[in-house]
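Structure file final.cif (mmCIF, C-alpha atoms) is printed below.
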```cif
data_final
#
loop_
_atom_site.label_atom_id
_atom_site.label_comp_id
_atom_site.auth_asym_id
_atom_site.auth_seq_id
_atom_site.Cartn_x
_atom_site.Cartn_y
_atom_site.Cartn_z
CA MET D 13 16.11 -20.73 -18.36
CA ALA D 14 19.20 -20.63 -16.17
CA VAL D 15 21.00 -18.50 -18.75
CA VAL D 16 18.12 -15.98 -18.77
CA PHE D 17 18.24 -15.83 -14.97
CA ILE D 18 22.00 -15.28 -14.89
CA ARG D 19 21.86 -12.58 -17.59
CA ALA D 20 19.04 -10.81 -15.72
CA VAL D 21 20.99 -10.89 -12.44
CA ILE D 22 24.13 -9.54 -14.11
CA LEU D 23 22.22 -6.69 -15.76
CA TYR D 24 20.37 -5.91 -12.53
CA LEU D 25 23.62 -5.60 -10.60
CA LEU D 26 25.10 -3.52 -13.41
CA LEU D 27 22.11 -1.15 -13.36
CA VAL D 28 22.32 -0.75 -9.58
CA PHE D 29 26.04 0.00 -9.87
CA SER D 30 25.45 2.47 -12.72
CA VAL D 31 22.74 4.39 -10.86
CA ARG D 32 24.88 4.52 -7.70
CA PHE D 33 27.83 5.65 -9.84
CA MET D 34 25.74 8.45 -11.37
CA GLY D 35 24.75 9.88 -7.99
CA LYS D 36 22.10 9.96 -5.28
CA HIS D 37 19.38 12.00 -6.99
CA GLN D 38 15.84 10.70 -6.71
CA ILE D 39 13.69 10.41 -9.82
CA GLY D 40 11.85 13.64 -8.97
CA GLU D 41 15.18 15.48 -8.61
CA LEU D 42 16.83 14.33 -11.84
CA GLN D 43 18.13 16.93 -14.26
CA PRO D 44 16.98 16.53 -17.91
CA SER D 45 20.29 14.96 -18.94
CA GLU D 46 20.18 12.50 -16.03
CA LEU D 47 16.59 11.53 -16.78
CA ALA D 48 17.47 10.93 -20.45
CA VAL D 49 20.37 8.66 -19.47
CA THR D 50 18.19 6.78 -16.97
CA ILE D 51 15.52 6.10 -19.61
CA LEU D 52 18.11 5.01 -22.17
CA ILE D 53 19.84 2.68 -19.72
CA SER D 54 16.56 1.04 -18.68
CA ASN D 55 15.62 0.42 -22.32
CA ILE D 56 19.04 -0.95 -23.25
CA ALA D 57 19.04 -3.31 -20.25
CA THR D 58 15.87 -5.08 -21.45
CA LEU D 59 17.28 -6.02 -24.85
CA PRO D 60 19.83 -8.71 -23.79
CA VAL D 61 17.23 -10.24 -21.44
CA GLU D 62 14.50 -10.48 -24.08
CA ASP D 63 16.73 -11.49 -26.99
CA MET D 64 18.91 -14.47 -26.06
CA SER D 65 20.73 -14.32 -29.39
CA MET D 66 22.18 -10.95 -28.43
CA PRO D 67 25.58 -11.07 -26.69
CA LEU D 68 25.49 -9.80 -23.11
CA PHE D 69 28.21 -7.25 -23.81
CA THR D 70 25.89 -5.63 -26.36
CA GLY D 71 23.98 -4.32 -23.37
CA VAL D 72 26.82 -3.97 -20.88
CA ILE D 73 29.04 -1.68 -22.96
CA PRO D 74 26.34 0.95 -23.79
CA ILE D 75 25.17 1.03 -20.16
CA LEU D 76 28.68 1.66 -18.84
CA THR D 77 29.28 4.19 -21.61
CA LEU D 78 26.14 6.18 -20.80
CA ALA D 79 26.81 6.10 -17.06
CA GLY D 80 30.39 7.26 -17.62
CA LEU D 81 29.22 9.97 -20.02
CA ASP D 82 26.74 11.28 -17.46
CA VAL D 83 29.47 11.48 -14.81
CA ILE D 84 31.78 13.31 -17.22
CA MET D 85 29.03 15.77 -18.18
CA SER D 86 28.27 16.38 -14.50
CA TRP D 87 31.95 17.08 -13.83
CA LEU D 88 32.16 19.44 -16.82
CA GLY D 89 28.98 21.16 -15.62
CA ILE D 90 30.69 21.90 -12.31
CA LYS D 91 33.55 23.57 -14.21
CA SER D 92 31.39 25.46 -16.74
CA ARG D 93 28.25 27.36 -15.78
CA ARG D 94 27.44 27.89 -19.45
CA LEU D 95 27.45 24.15 -20.12
CA ARG D 96 25.40 23.54 -16.97
CA ASN D 97 22.79 26.04 -18.15
CA LEU D 98 22.74 24.40 -21.58
CA THR D 99 22.22 20.84 -20.31
CA CYS D 100 20.18 21.51 -17.17
CA GLY D 101 18.56 24.85 -17.85
CA LYS D 102 18.21 27.71 -15.38
CA PRO D 103 15.81 28.36 -12.53
CA VAL D 104 12.93 30.61 -13.59
CA VAL D 105 11.42 33.15 -11.19
CA ILE D 106 7.63 33.17 -11.69
CA ILE D 107 6.64 35.24 -8.64
CA SER D 108 8.63 38.21 -7.35
CA ASN D 109 7.51 40.75 -4.74
CA GLY D 110 4.21 38.90 -4.63
CA VAL D 111 3.52 39.52 -8.36
CA ILE D 112 3.12 36.66 -10.85
CA ASP D 113 5.25 36.97 -13.99
CA GLN D 114 2.72 35.70 -16.52
CA GLN D 115 5.14 35.93 -19.45
CA LYS D 116 7.70 33.73 -17.69
CA MET D 117 4.97 31.19 -16.99
CA ARG D 118 4.01 31.18 -20.67
CA ASP D 119 7.67 30.84 -21.68
CA ILE D 120 8.09 27.63 -19.67
CA ARG D 121 4.52 26.44 -20.38
CA PHE D 122 3.65 26.53 -16.70
CA THR D 123 -0.11 26.64 -16.15
CA VAL D 124 -2.11 28.14 -13.31
CA ASP D 125 -3.02 24.59 -12.28
CA ASP D 126 0.69 23.70 -12.11
CA LEU D 127 1.35 26.72 -9.91
CA MET D 128 -1.54 26.06 -7.55
CA GLU D 129 -0.65 22.38 -7.27
CA ALA D 130 2.91 23.32 -6.33
CA LEU D 131 1.65 25.77 -3.69
CA HIS D 132 -0.84 23.27 -2.29
CA SER D 133 1.92 20.68 -1.89
CA GLN D 134 3.61 23.16 0.45
CA SER D 135 0.40 23.83 2.42
CA ILE D 136 -0.14 27.24 0.79
CA PHE D 137 -3.68 27.83 -0.46
CA ASP D 138 -3.73 31.59 -0.93
CA LEU D 139 -1.54 33.39 -3.47
CA LYS D 140 -1.39 36.49 -1.29
CA GLU D 141 0.91 34.55 1.09
CA VAL D 142 3.63 34.17 -1.57
CA GLN D 143 6.50 36.64 -1.75
CA PHE D 144 8.75 34.76 -4.17
CA ALA D 145 8.55 31.53 -6.18
CA VAL D 146 11.01 29.91 -8.55
CA VAL D 147 10.75 26.87 -10.82
CA GLU D 148 13.94 24.90 -10.31
CA THR D 149 15.76 23.06 -13.09
CA THR D 150 14.21 19.80 -11.87
CA GLY D 151 10.70 21.20 -12.29
CA ALA D 152 10.12 21.57 -8.55
CA VAL D 153 8.77 24.90 -7.29
CA SER D 154 10.47 26.60 -4.34
CA VAL D 155 8.31 29.12 -2.47
CA TYR D 156 9.26 31.91 -0.08
CA GLN D 157 6.35 33.24 1.95
CA LYS D 158 5.70 36.81 2.98
CA TYR D 159 6.98 37.63 6.44
CA GLU D 160 3.61 37.71 8.17
CA TYR D 161 2.74 34.21 6.93
CA ARG D 162 5.96 32.44 7.89
CA THR D 163 6.05 30.08 10.82
CA ALA D 164 7.66 31.69 13.86
CA SER D 165 11.11 30.28 14.56
CA ASN D 166 13.01 30.00 17.83
CA GLY D 167 15.11 32.93 16.66
CA ASP D 168 12.01 35.08 16.12
CA MET D 169 10.95 34.35 19.70
CA GLY D 170 14.42 35.10 21.07
CA LEU D 171 15.07 31.52 22.15
CA ARG D 172 18.70 30.49 22.15
CA ASN D 173 20.17 27.02 22.56
CA LYS D 174 23.09 24.98 21.32
CA SER D 175 22.74 23.63 17.79
CA SER D 176 23.76 20.02 17.37
CA ASP D 177 23.45 17.26 14.81
CA PRO D 178 20.48 14.86 15.10
CA PRO D 179 20.84 11.43 16.75
CA GLU D 180 22.51 8.69 14.72
CA VAL D 181 21.51 5.04 14.46
CA VAL D 182 24.43 3.37 16.25
CA ILE D 183 22.93 -0.13 16.64
CA ASP D 184 21.03 -1.70 13.79
CA GLN D 185 19.51 -5.13 14.56
CA GLY D 186 22.23 -6.18 16.97
CA LYS D 187 25.16 -4.69 15.05
CA ILE D 188 27.11 -1.53 15.85
CA VAL D 189 27.20 1.03 13.04
CA LYS D 190 30.76 2.27 13.51
CA GLU D 191 30.60 5.19 11.04
CA ALA D 192 27.50 6.61 12.72
CA LEU D 193 29.01 6.11 16.16
CA LYS D 194 32.11 8.01 15.07
CA ARG D 195 29.97 10.95 13.91
CA THR D 196 28.51 11.29 17.40
CA GLY D 197 32.01 11.68 18.86
CA ARG D 198 31.44 8.63 21.06
CA ASP D 199 33.05 5.20 21.09
CA GLU D 200 31.97 1.61 21.63
CA LYS D 201 32.64 2.00 25.35
CA ARG D 202 29.71 4.40 25.58
CA VAL D 203 27.49 1.86 23.80
CA ASN D 204 28.66 -0.93 26.10
CA ASP D 205 28.01 1.25 29.16
CA ILE D 206 24.44 1.86 27.98
CA LEU D 207 23.87 -1.83 27.33
CA LYS D 208 25.25 -2.67 30.76
CA LYS D 209 22.96 -0.09 32.36
CA GLU D 210 19.94 -1.51 30.50
CA LYS D 211 21.05 -5.08 31.30
CA LEU D 212 21.02 -6.02 27.62
CA SER D 213 23.43 -7.64 25.23
CA LEU D 214 24.09 -6.32 21.73
CA LYS D 215 21.91 -8.99 20.10
CA ASP D 216 18.97 -7.93 22.31
CA VAL D 217 18.83 -4.49 20.66
CA PHE D 218 16.79 -3.94 17.50
CA LEU D 219 17.60 -0.23 17.21
CA MET D 220 19.46 2.38 19.19
CA THR D 221 20.09 6.03 18.44
CA LEU D 222 22.70 8.21 20.11
CA ASP D 223 23.55 11.90 19.87
CA SER D 224 26.69 13.92 20.57
CA ASP D 225 25.45 14.72 24.09
CA GLY D 226 25.28 11.03 24.93
CA GLU D 227 21.48 10.90 25.00
CA TYR D 228 20.06 7.72 23.56
CA SER D 229 16.85 5.99 22.56
CA LEU D 230 16.64 2.22 22.50
CA VAL D 231 14.24 -0.35 21.04
CA LYS D 232 14.64 -3.94 22.14
CA SER D 233 14.26 -6.79 19.68
CA ASP D 234 11.08 -8.86 19.62
CA SER D 235 12.84 -11.76 21.31
CA CYS D 236 13.55 -9.47 24.26
CA GLY D 237 10.13 -7.87 24.63
CA GLY D 238 10.36 -5.17 21.99
CA GLU D 239 9.65 -2.26 24.34
CA LYS D 240 11.14 1.18 23.83
CA ARG D 241 13.36 2.59 26.52
CA LYS D 242 15.46 5.71 27.05
#
```
Taking this structure as input, can you express it in the form of structure tokens?
Amino acid sequence: MAVVFIRAVILYLLLVFSVRFMGKHQIGELQPSELAVTILISNIATLPVEDMSMPLFTGVIPILTLAGLDVIMSWLGIKSRRLRNLTCGKPVVIISNGVIDQQKMRDIRFTVDDLMEALHSQSIFDLKEVQFAVVETTGAVSVYQKYEYRTASNGDMGLRNKSSDPPEVVIDQGKIVKEALKRTGRDEKRVNDILKKEKLSLKDVFLMTLDSDGEYSLVKSDSCGGEKRK
């Protein structure tokens, strides 16, 4: 039983490493080649766990090989558009100038139900609102609405303000996140000044965000009351 546990832990860690090595895509964003590798790796990983007579390396070597092959193919795809189109396909425009291209939909076996479901997921319930739509290589549908149906932006209303990055989590459960703090352009002195102002120690803070302007939001830990302060 201990051997099964150890083999399972080793393969689990190997799978986590392999997926991280392959990239940060979510399942719904995987290209066909990435999805194929993911399925193959998951199937291979179960074999050494279920069959104790099988050497562990029988599973380890194919997993590393497939992960490495996927990385190589991704790198080659960056260099060659033709190879990228071959392995990942090309985006297909199914609506242009508000007109549905029925032949393109038939070519990719995309039904009316598929189209309406994709529009509904983006809070669009009337086809007359759509100016342009494209089926991406991942199968997701990107939609561009007609001008009169788009949400008004600050730019449309003539509002102007400084653009800045969103706040970063600089304290996570009593520990300073140095990389995030660096991205805000601030240092630990700023954090310590805030804590001093709030009369808190680092361990009293469950979560704190900070932006490049020095504005912060703070949530105390349960042991310190747990109330949110700014």
Using all atoms listed in the file, determine which residues lie at most 10 Å from D:Ser176, disregarding the query and same-chain residues fewer than 2 positions distant; provide the list as a PyMOL selection string. chain D and resi 173-174+178-179+196+223-225
Shell of 12 Å around D:Val182, all atoms listed in the file, local chain residues under 5 positions omitted, as JSON, numbers by chain: {"D": [187, 188, 189, 190, 191, 192, 193, 194, 195, 196, 197, 198, 199, 200, 202, 203, 204, 206, 214, 217, 218, 219, 220, 221, 222, 223, 224, 226, 227, 228, 229, 230, 231]}
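Using all atoms listed in the file, the shortest contact distance between D:Glu46 and any of D:Ala130, D:Ala20, D:Val83, D:Leu59 is found at D:Val83.
The space separating atom CA of D:Gln134 from atom CA of D:Ser175 comes to 25.8 Å.
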Tell me which protein, DNA and RNA residues are within 10 Å of D:Gly89, counting all atoms listed in the file, leaving out same-chain ones fewer than 5 positions away, and put them as a PyMOL selection string. chain D and resi 83-84+94-100
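Atom CA of D:Gly101 to atom CA of D:Leu27 spans 26.6 Å [interatomic distance, one decimal].
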